Amino acid sequence: MTVNRRFLLTRRPHGVPVPDDFQLAEEAVPQPGEGEFVVRTIYASLDPAMRGWLDDVPSYMPPIPLGDAVRASVVGRVAASRDPAFPEGAWVSGLGAIEEYSVARSGGFMRRIDPDAVPSPSNYLSVLGAVGMTAYFGVTDVLAAKPGQTLLVSGAAGAVGSLVGQIGKIIGCRTIGIAGSPEKVRRLTQDYGYDVAIDYRGKDRAALEAEIHAAAPNGVDLVFENVGGDILDAALTNLADHATVALCGMISEYNSPEKIGARNVWQLIVHRATIRGFLVSDYLPRFEEGIGTMAGWLGEGRLRVDEHIDRGIENALPAFLRLFEGTNEGKMILQVGEA
Ligand code: NAP
């Protein structure tokens with residue numbers, strides 16, 4: 001190991017990221033300091049939340065410094081170590097970056113994983129990673145879903161939404177998914193078991209409200225919100241009394257300098273409803289529980305997991321930009337190195 005190829009943030013994007021905001025650089029492979037280890041990246045996760053880390057604004061994580069590699073959740077193997085708990089060759093998962101080698105320490109998200117316990121180690125970035133834990137704790141804890149409740153999910157064909165719908169069905173909910181193309185709508189019912197699928201593209205807010213109403217005439221008990229904007233507004237006009245809205249993401253606003261905001265907040269009062277934002281990192285102490293349950297469902301064939309894997313760090317730029325097109329069919333992952 002001599003060269004470390006790194007996908008750097010060189011300029012803060014304005015709106016949708018463009019190629020000139022990034023650069024692929026070659027640097028020396030880092031060495032571990034006392035208590036540190038070097039991770040050779042095998043898979044890097046590409047997540048919509050990374051858009052927020054590119055901006056120099058207050059958030060739940062510090063902005064990525066200009067000139068630094070783009071932060072990402074990764075799966076990799078220890079290449080050199082000065083921490084006996086993370087010996088050379090061990091498989092790990094945690095917060096790293098889109099680069100071939102990263103320096104890491106134990107703690108936080110970084111932990112050892114068993115690659116033989118899953119069909120592919122990349123699963124630790126999808127169903128058994130932050131995406132899977134977001135869906136699991138969002139449905140079971142934030143929404144506290146119960147059998148017989150109606151669950152409405154936006155971004156329903158995405159990495160999180162596809163799992164949310166399936167977990168909802170396992171619990172015994174009636175599930176309604178919203179997505180943005182005829183093909184995605186087909187996948188919602190056929191692949192992810194949604195009871196009703198709604199295509200929002202080409203529809204104004206009133207039409208979308210009417211479709212949700214037709215699918216749930218008595219209102220929805222639970223909303224898992226990934227998108228925000230008009231889709232959240234349409235959900236708010238269809239709440240059942242004492243409904244719960246889990247605010248997971250607002251992807252429709254991530255690239256827009258002007259925030260749209262929710263206009264139907266009054267409906268929360270009308271229906272004595274609760275809206276709660278949450279971060280998957282809050283559930284870090286309970287990850288083993290969530291991973292155990294999701295791994296069990298996966299092993300029993302009760303969860304379908306779709307991954308869209310691009311290969312080669314030289315393809316980091318097109319893969320990263322595709323994240324904002326909404327055209328991916330499954331969890332977006334970049335394979336940076338070989339196992
Ligand atoms: P994903 O796989 O990329 O799916 C997101 C989907 O959102 C897209 O497939 C697209 O589907 C839809 N979408 C709607 N408006 C969009 C826009 N303007 N640009 C791009 N896509 C748009 O993402 P994910 O990993 O499932 O993440 C879903 C949401 O969960 C995001 O908001 C993310 O930030 C959030 N999240 C939150 C946490 C947390 O801790 N709170 C953790 C993980 C993820 P359509 O074509 O159907 O519109």
# chains A, B, ... in the order shown; residues from 1 in each chain; ligands from 1

call {"tool": "residues_near_ligand", "arguments": {"ligand": "ligand 1", "cutoff": "7 Å", "atoms": "only C-alpha atoms and all ligand atoms", "output": "count of residues only"}}
result
39

call {"tool": "select_by_dssp", "arguments": {"residues": "segment 114-314 of chain A", "states": "strand (DSSP E)", "output": "PDB file with N, CA and C atoms, in the first residue's frame"}}
result
ATOM      1  N   THR A 150     -52.628   2.313  10.156  1.00  0.00           N
ATOM      2  CA  THR A 150     -52.309   2.676   8.775  1.00  0.00           C
ATOM      3  C   THR A 150     -51.036   3.520   8.771  1.00  0.00           C
ATOM      4  N   LEU A 151     -50.059   3.074   7.984  1.00  0.00           N
ATOM      5  CA  LEU A 151     -48.745   3.714   7.937  1.00  0.00           C
ATOM      6  C   LEU A 151     -48.514   4.288   6.544  1.00  0.00           C
ATOM      7  N   LEU A 152     -48.300   5.608   6.460  1.00  0.00           N
ATOM      8  CA  LEU A 152     -48.016   6.283   5.190  1.00  0.00           C
ATOM      9  C   LEU A 152     -46.517   6.587   5.133  1.00  0.00           C
ATOM     10  N   VAL A 153     -45.869   6.238   4.007  1.00  0.00           N
ATOM     11  CA  VAL A 153     -44.415   6.398   3.877  1.00  0.00           C
ATOM     12  C   VAL A 153     -44.109   7.184   2.608  1.00  0.00           C
ATOM     13  N   ARG A 174     -51.263  -1.558   7.895  1.00  0.00           N
ATOM     14  CA  ARG A 174     -51.656  -1.387   6.499  1.00  0.00           C
ATOM     15  C   ARG A 174     -50.742  -0.294   5.959  1.00  0.00           C
ATOM     16  N   THR A 175     -50.049  -0.568   4.853  1.00  0.00           N
ATOM     17  CA  THR A 175     -49.003   0.360   4.409  1.00  0.00           C
ATOM     18  C   THR A 175     -49.372   1.041   3.089  1.00  0.00           C
ATOM     19  N   ILE A 176     -49.107   2.346   3.043  1.00  0.00           N
ATOM     20  CA  ILE A 176     -49.325   3.145   1.830  1.00  0.00           C
ATOM     21  C   ILE A 176     -47.993   3.817   1.504  1.00  0.00           C
ATOM     22  N   GLY A 177     -47.484   3.587   0.310  1.00  0.00           N
ATOM     23  CA  GLY A 177     -46.196   4.157  -0.077  1.00  0.00           C
ATOM     24  C   GLY A 177     -46.353   5.188  -1.175  1.00  0.00           C
ATOM     25  N   ILE A 178     -45.524   6.238  -1.106  1.00  0.00           N
ATOM     26  CA  ILE A 178     -45.522   7.274  -2.146  1.00  0.00           C
ATOM     27  C   ILE A 178     -44.155   7.256  -2.822  1.00  0.00           C
ATOM     28  N   ALA A 179     -44.153   7.197  -4.160  1.00  0.00           N
ATOM     29  CA  ALA A 179     -42.890   7.221  -4.909  1.00  0.00           C
ATOM     30  C   ALA A 179     -43.110   7.949  -6.229  1.00  0.00           C
ATOM     31  N   VAL A 196     -50.915  -0.193  -0.761  1.00  0.00           N
ATOM     32  CA  VAL A 196     -51.318   0.810  -1.754  1.00  0.00           C
ATOM     33  C   VAL A 196     -50.070   1.589  -2.148  1.00  0.00           C
ATOM     34  N   ALA A 197     -49.931   1.887  -3.452  1.00  0.00           N
ATOM     35  CA  ALA A 197     -48.794   2.678  -3.932  1.00  0.00           C
ATOM     36  C   ALA A 197     -49.316   3.892  -4.690  1.00  0.00           C
ATOM     37  N   ILE A 198     -48.748   5.043  -4.400  1.00  0.00           N
ATOM     38  CA  ILE A 198     -49.184   6.301  -5.021  1.00  0.00           C
ATOM     39  C   ILE A 198     -47.991   6.922  -5.756  1.00  0.00           C
ATOM     40  N   ASP A 199     -48.208   7.295  -7.025  1.00  0.00           N
ATOM     41  CA  ASP A 199     -47.178   7.991  -7.809  1.00  0.00           C
ATOM     42  C   ASP A 199     -47.460   9.491  -7.685  1.00  0.00           C
ATOM     43  N   VAL A 220     -54.604   8.617   8.236  1.00  0.00           N
ATOM     44  CA  VAL A 220     -53.454   7.736   8.521  1.00  0.00           C
ATOM     45  C   VAL A 220     -53.043   7.913   9.984  1.00  0.00           C
ATOM     46  N   ASP A 221     -52.748   6.799  10.628  1.00  0.00           N
ATOM     47  CA  ASP A 221     -52.342   6.836  12.045  1.00  0.00           C
ATOM     48  C   ASP A 221     -50.867   7.220  12.183  1.00  0.00           C
ATOM     49  N   LEU A 222     -50.071   6.783  11.189  1.00  0.00           N
ATOM     50  CA  LEU A 222     -48.621   6.937  11.285  1.00  0.00           C
ATOM     51  C   LEU A 222     -48.084   7.464   9.951  1.00  0.00           C
ATOM     52  N   VAL A 223     -47.168   8.418  10.031  1.00  0.00           N
ATOM     53  CA  VAL A 223     -46.497   8.922   8.819  1.00  0.00           C
ATOM     54  C   VAL A 223     -44.998   8.801   9.020  1.00  0.00           C
ATOM     55  N   PHE A 224     -44.325   8.158   8.064  1.00  0.00           N
ATOM     56  CA  PHE A 224     -42.855   8.112   8.085  1.00  0.00           C
ATOM     57  C   PHE A 224     -42.410   9.027   6.951  1.00  0.00           C
ATOM     58  N   GLU A 225     -41.899  10.220   7.318  1.00  0.00           N
ATOM     59  CA  GLU A 225     -41.650  11.259   6.324  1.00  0.00           C
ATOM     60  C   GLU A 225     -40.186  11.340   5.929  1.00  0.00           C
ATOM     61  N   LEU A 239     -54.363  13.211   8.331  1.00  0.00           N
ATOM     62  CA  LEU A 239     -54.051  12.555   9.605  1.00  0.00           C
ATOM     63  C   LEU A 239     -55.320  12.041  10.274  1.00  0.00           C
ATOM     64  N   ALA A 240     -55.202  10.890  10.918  1.00  0.00           N
ATOM     65  CA  ALA A 240     -56.254  10.431  11.832  1.00  0.00           C
ATOM     66  C   ALA A 240     -56.037  11.149  13.176  1.00  0.00           C
ATOM     67  N   ASP A 241     -57.042  11.145  14.018  1.00  0.00           N
ATOM     68  CA  ASP A 241     -56.867  11.738  15.355  1.00  0.00           C
ATOM     69  C   ASP A 241     -55.731  11.018  16.085  1.00  0.00           C
ATOM     70  N   HIS A 242     -54.928  11.795  16.811  1.00  0.00           N
ATOM     71  CA  HIS A 242     -53.805  11.275  17.617  1.00  0.00           C
ATOM     72  C   HIS A 242     -52.749  10.569  16.757  1.00  0.00           C
ATOM     73  N   ALA A 243     -52.622  10.999  15.506  1.00  0.00           N
ATOM     74  CA  ALA A 243     -51.611  10.417  14.615  1.00  0.00           C
ATOM     75  C   ALA A 243     -50.211  10.800  15.088  1.00  0.00           C
ATOM     76  N   THR A 244     -49.225  10.023  14.622  1.00  0.00           N
ATOM     77  CA  THR A 244     -47.823  10.340  14.895  1.00  0.00           C
ATOM     78  C   THR A 244     -47.083  10.482  13.564  1.00  0.00           C
ATOM     79  N   VAL A 245     -46.311  11.554  13.440  1.00  0.00           N
ATOM     80  CA  VAL A 245     -45.492  11.773  12.247  1.00  0.00           C
ATOM     81  C   VAL A 245     -44.030  11.674  12.664  1.00  0.00           C
ATOM     82  N   ALA A 246     -43.293  10.724  12.075  1.00  0.00           N
ATOM     83  CA  ALA A 246     -41.850  10.628  12.324  1.00  0.00           C
ATOM     84  C   ALA A 246     -41.144  11.394  11.212  1.00  0.00           C
ATOM     85  N   LEU A 247     -40.456  12.480  11.581  1.00  0.00           N
ATOM     86  CA  LEU A 247     -39.761  13.294  10.593  1.00  0.00           C
ATOM     87  C   LEU A 247     -38.340  12.762  10.464  1.00  0.00           C
ATOM     88  N   THR A 274     -48.871  14.253  16.875  1.00  0.00           N
ATOM     89  CA  THR A 274     -47.489  14.486  17.317  1.00  0.00           C
ATOM     90  C   THR A 274     -46.574  14.401  16.115  1.00  0.00           C
ATOM     91  N   ILE A 275     -45.635  15.349  15.998  1.00  0.00           N
ATOM     92  CA  ILE A 275     -44.602  15.237  14.971  1.00  0.00           C
ATOM     93  C   ILE A 275     -43.263  15.231  15.699  1.00  0.00           C
ATOM     94  N   ARG A 276     -42.411  14.268  15.338  1.00  0.00           N
ATOM     95  CA  ARG A 276     -41.150  14.152  16.052  1.00  0.00           C
ATOM     96  C   ARG A 276     -39.996  13.899  15.078  1.00  0.00           C
ATOM     97  N   GLY A 277     -39.009  14.774  15.097  1.00  0.00           N
ATOM     98  CA  GLY A 277     -37.795  14.534  14.331  1.00  0.00           C
ATOM     99  C   GLY A 277     -36.910  13.570  15.106  1.00  0.00           C
ATOM    100  N   GLU A 307     -29.594  -3.303  -3.304  1.00  0.00           N
ATOM    101  CA  GLU A 307     -28.400  -2.456  -3.242  1.00  0.00           C
ATOM    102  C   GLU A 307     -27.984  -2.098  -4.665  1.00  0.00           C
ATOM    103  N   HIS A 308     -27.614  -0.861  -4.853  1.00  0.00           N
ATOM    104  CA  HIS A 308     -27.116  -0.384  -6.158  1.00  0.00           C
ATOM    105  C   HIS A 308     -25.640  -0.084  -5.953  1.00  0.00           C
ATOM    106  N   ILE A 309     -24.768  -0.979  -6.441  1.00  0.00           N
ATOM    107  CA  ILE A 309     -23.336  -0.839  -6.147  1.00  0.00           C
ATOM    108  C   ILE A 309     -22.577  -0.370  -7.386  1.00  0.00           C
ATOM    109  N   ASP A 310     -21.972   0.829  -7.303  1.00  0.00           N
ATOM    110  CA  ASP A 310     -21.038   1.305  -8.327  1.00  0.00           C
ATOM    111  C   ASP A 310     -19.647   0.865  -7.908  1.00  0.00           C
ATOM    112  N   ARG A 311     -18.768   0.640  -8.891  1.00  0.00           N
ATOM    113  CA  ARG A 311     -17.442   0.111  -8.550  1.00  0.00           C
ATOM    114  C   ARG A 311     -16.318   1.047  -8.945  1.00  0.00           C
TER     115      ARG A 311
END

call {"tool": "closest_residue", "arguments": {"among": "A:Asp195, A:Val38, A:Asp20, A:Ala319", "to": "Asn4 of chain A", "atoms": "only C-alpha atoms"}}
result
A:Val38

call {"tool": "residues_around", "arguments": {"residues": "Asp141 of chain A", "least_positions_apart": "4", "cutoff": "10 Å", "atoms": "only C-alpha atoms", "output": "PyMOL selection string"}}
result
chain A and resi 135-137+145+246+283

call {"tool": "write_last_selection", "arguments": {"atoms": "N, CA and C atoms", "output": "short mmCIF file (atom, residue, chain, number, x, y, z; two decimals), in the first residue's frame"}}
result
data_model
loop_
_atom_site.label_atom_id
_atom_site.label_comp_id
_atom_site.auth_asym_id
_atom_site.auth_seq_id
_atom_site.Cartn_x
_atom_site.Cartn_y
_atom_site.Cartn_z
N ALA A 135 -34.83 2.82 9.65
CA ALA A 135 -36.16 2.26 9.40
C ALA A 135 -36.67 1.52 10.64
N TYR A 136 -35.80 0.70 11.23
CA TYR A 136 -36.24 -0.14 12.35
C TYR A 136 -36.69 0.70 13.56
N PHE A 137 -35.80 1.61 14.00
CA PHE A 137 -36.15 2.38 15.21
C PHE A 137 -37.21 3.46 14.89
N ALA A 145 -45.26 1.59 16.07
CA ALA A 145 -46.33 1.04 15.22
C ALA A 145 -46.98 -0.19 15.85
N ALA A 246 -43.29 10.72 12.08
CA ALA A 246 -41.85 10.63 12.32
C ALA A 246 -41.14 11.39 11.21
N TYR A 283 -29.92 6.20 18.52
CA TYR A 283 -30.17 4.79 18.85
C TYR A 283 -28.91 3.94 18.86
#

call {"tool": "residues_around", "arguments": {"residues": "Ala339 of chain A", "least_positions_apart": "5", "cutoff": "8 Å", "atoms": "only C-alpha atoms", "output": "list of chain:residue names"}}
result
A:Ile42, A:Gly76, A:Arg77

call {"tool": "residues_around", "arguments": {"residues": "Val18 of chain A", "least_positions_apart": "5", "cutoff": "9 Å", "atoms": "only C-alpha atoms", "output": "ChimeraX atom specification"}}
result
/A:13,317,321

call {"tool": "write_last_selection", "arguments": {"atoms": "N, CA, C and O atoms", "output": "mmCIF file, in the first residue's frame"}}
result
data_model
loop_
_atom_site.group_PDB
_atom_site.id
_atom_site.type_symbol
_atom_site.label_atom_id
_atom_site.label_comp_id
_atom_site.auth_asym_id
_atom_site.auth_seq_id
_atom_site.Cartn_x
_atom_site.Cartn_y
_atom_site.Cartn_z
ATOM 1 N N PRO A 13 -20.832 23.345 -2.493
ATOM 2 C CA PRO A 13 -21.828 23.447 -3.566
ATOM 3 C C PRO A 13 -22.866 24.529 -3.257
ATOM 4 O O PRO A 13 -23.179 24.776 -2.085
ATOM 5 N N LEU A 317 -17.353 10.351 -8.323
ATOM 6 C CA LEU A 317 -18.097 11.561 -8.707
ATOM 7 C C LEU A 317 -19.450 11.240 -9.345
ATOM 8 O O LEU A 317 -20.484 11.692 -8.828
ATOM 9 N N LEU A 321 -23.081 12.075 -7.588
ATOM 10 C CA LEU A 321 -24.047 13.004 -8.195
ATOM 11 C C LEU A 321 -25.377 12.305 -8.498
ATOM 12 O O LEU A 321 -26.436 12.928 -8.449
#

call {"tool": "residues_around", "arguments": {"residues": "Gly89 of chain A", "least_positions_apart": "3", "cutoff": "12 Å", "atoms": "only C-alpha atoms", "output": "PyMOL selection string"}}
result
chain A and resi 37-41+76-81+84-86+92+112-115+339

call {"tool": "closest_residue", "arguments": {"among": "A:Gly301, A:Gly193, A:Gly219, A:Gly148", "to": "Ile171 of chain A", "atoms": "only C-alpha atoms"}}
result
A:Gly148

call {"tool": "residues_around", "arguments": {"residues": "Ile291 of chain A", "least_positions_apart": "4", "cutoff": "6 Å", "atoms": "only C-alpha atoms", "output": "PyMOL selection string"}}
result
chain A and resi 128+287+295

call {"tool": "atom_distance", "arguments": {"atom1": "atom CA of Ser59 of chain A", "atom2": "atom CA of Glu258 of chain A"}}
result
16.6 Å

call {"tool": "closest_residue", "arguments": {"among": "A:Ala207, A:Leu66, A:Val75, A:Val139", "to": "Ile98 of chain A", "atoms": "only C-alpha atoms"}}
result
A:Val75

call {"tool": "closest_residue", "arguments": {"among": "A:Asp116, A:Glu314, A:Glu34, A:Glu99", "to": "Ser73 of chain A", "atoms": "only C-alpha atoms"}}
result
A:Glu99

call {"tool": "closest_residue", "arguments": {"among": "A:Asn255, A:Glu209, A:Ala214, A:Ala316", "to": "Ala25 of chain A", "atoms": "only C-alpha atoms"}}
result
A:Ala316

call {"tool": "atom_distance", "arguments": {"atom1": "atom CA of Ala210 of chain A", "atom2": "atom CA of Leu232 of chain A"}}
result
13.7 Å

call {"tool": "atom_distance", "arguments": {"atom1": "atom CA of Asp55 of chain A", "atom2": "atom CA of Leu163 of chain A"}}
result
28.5 Å
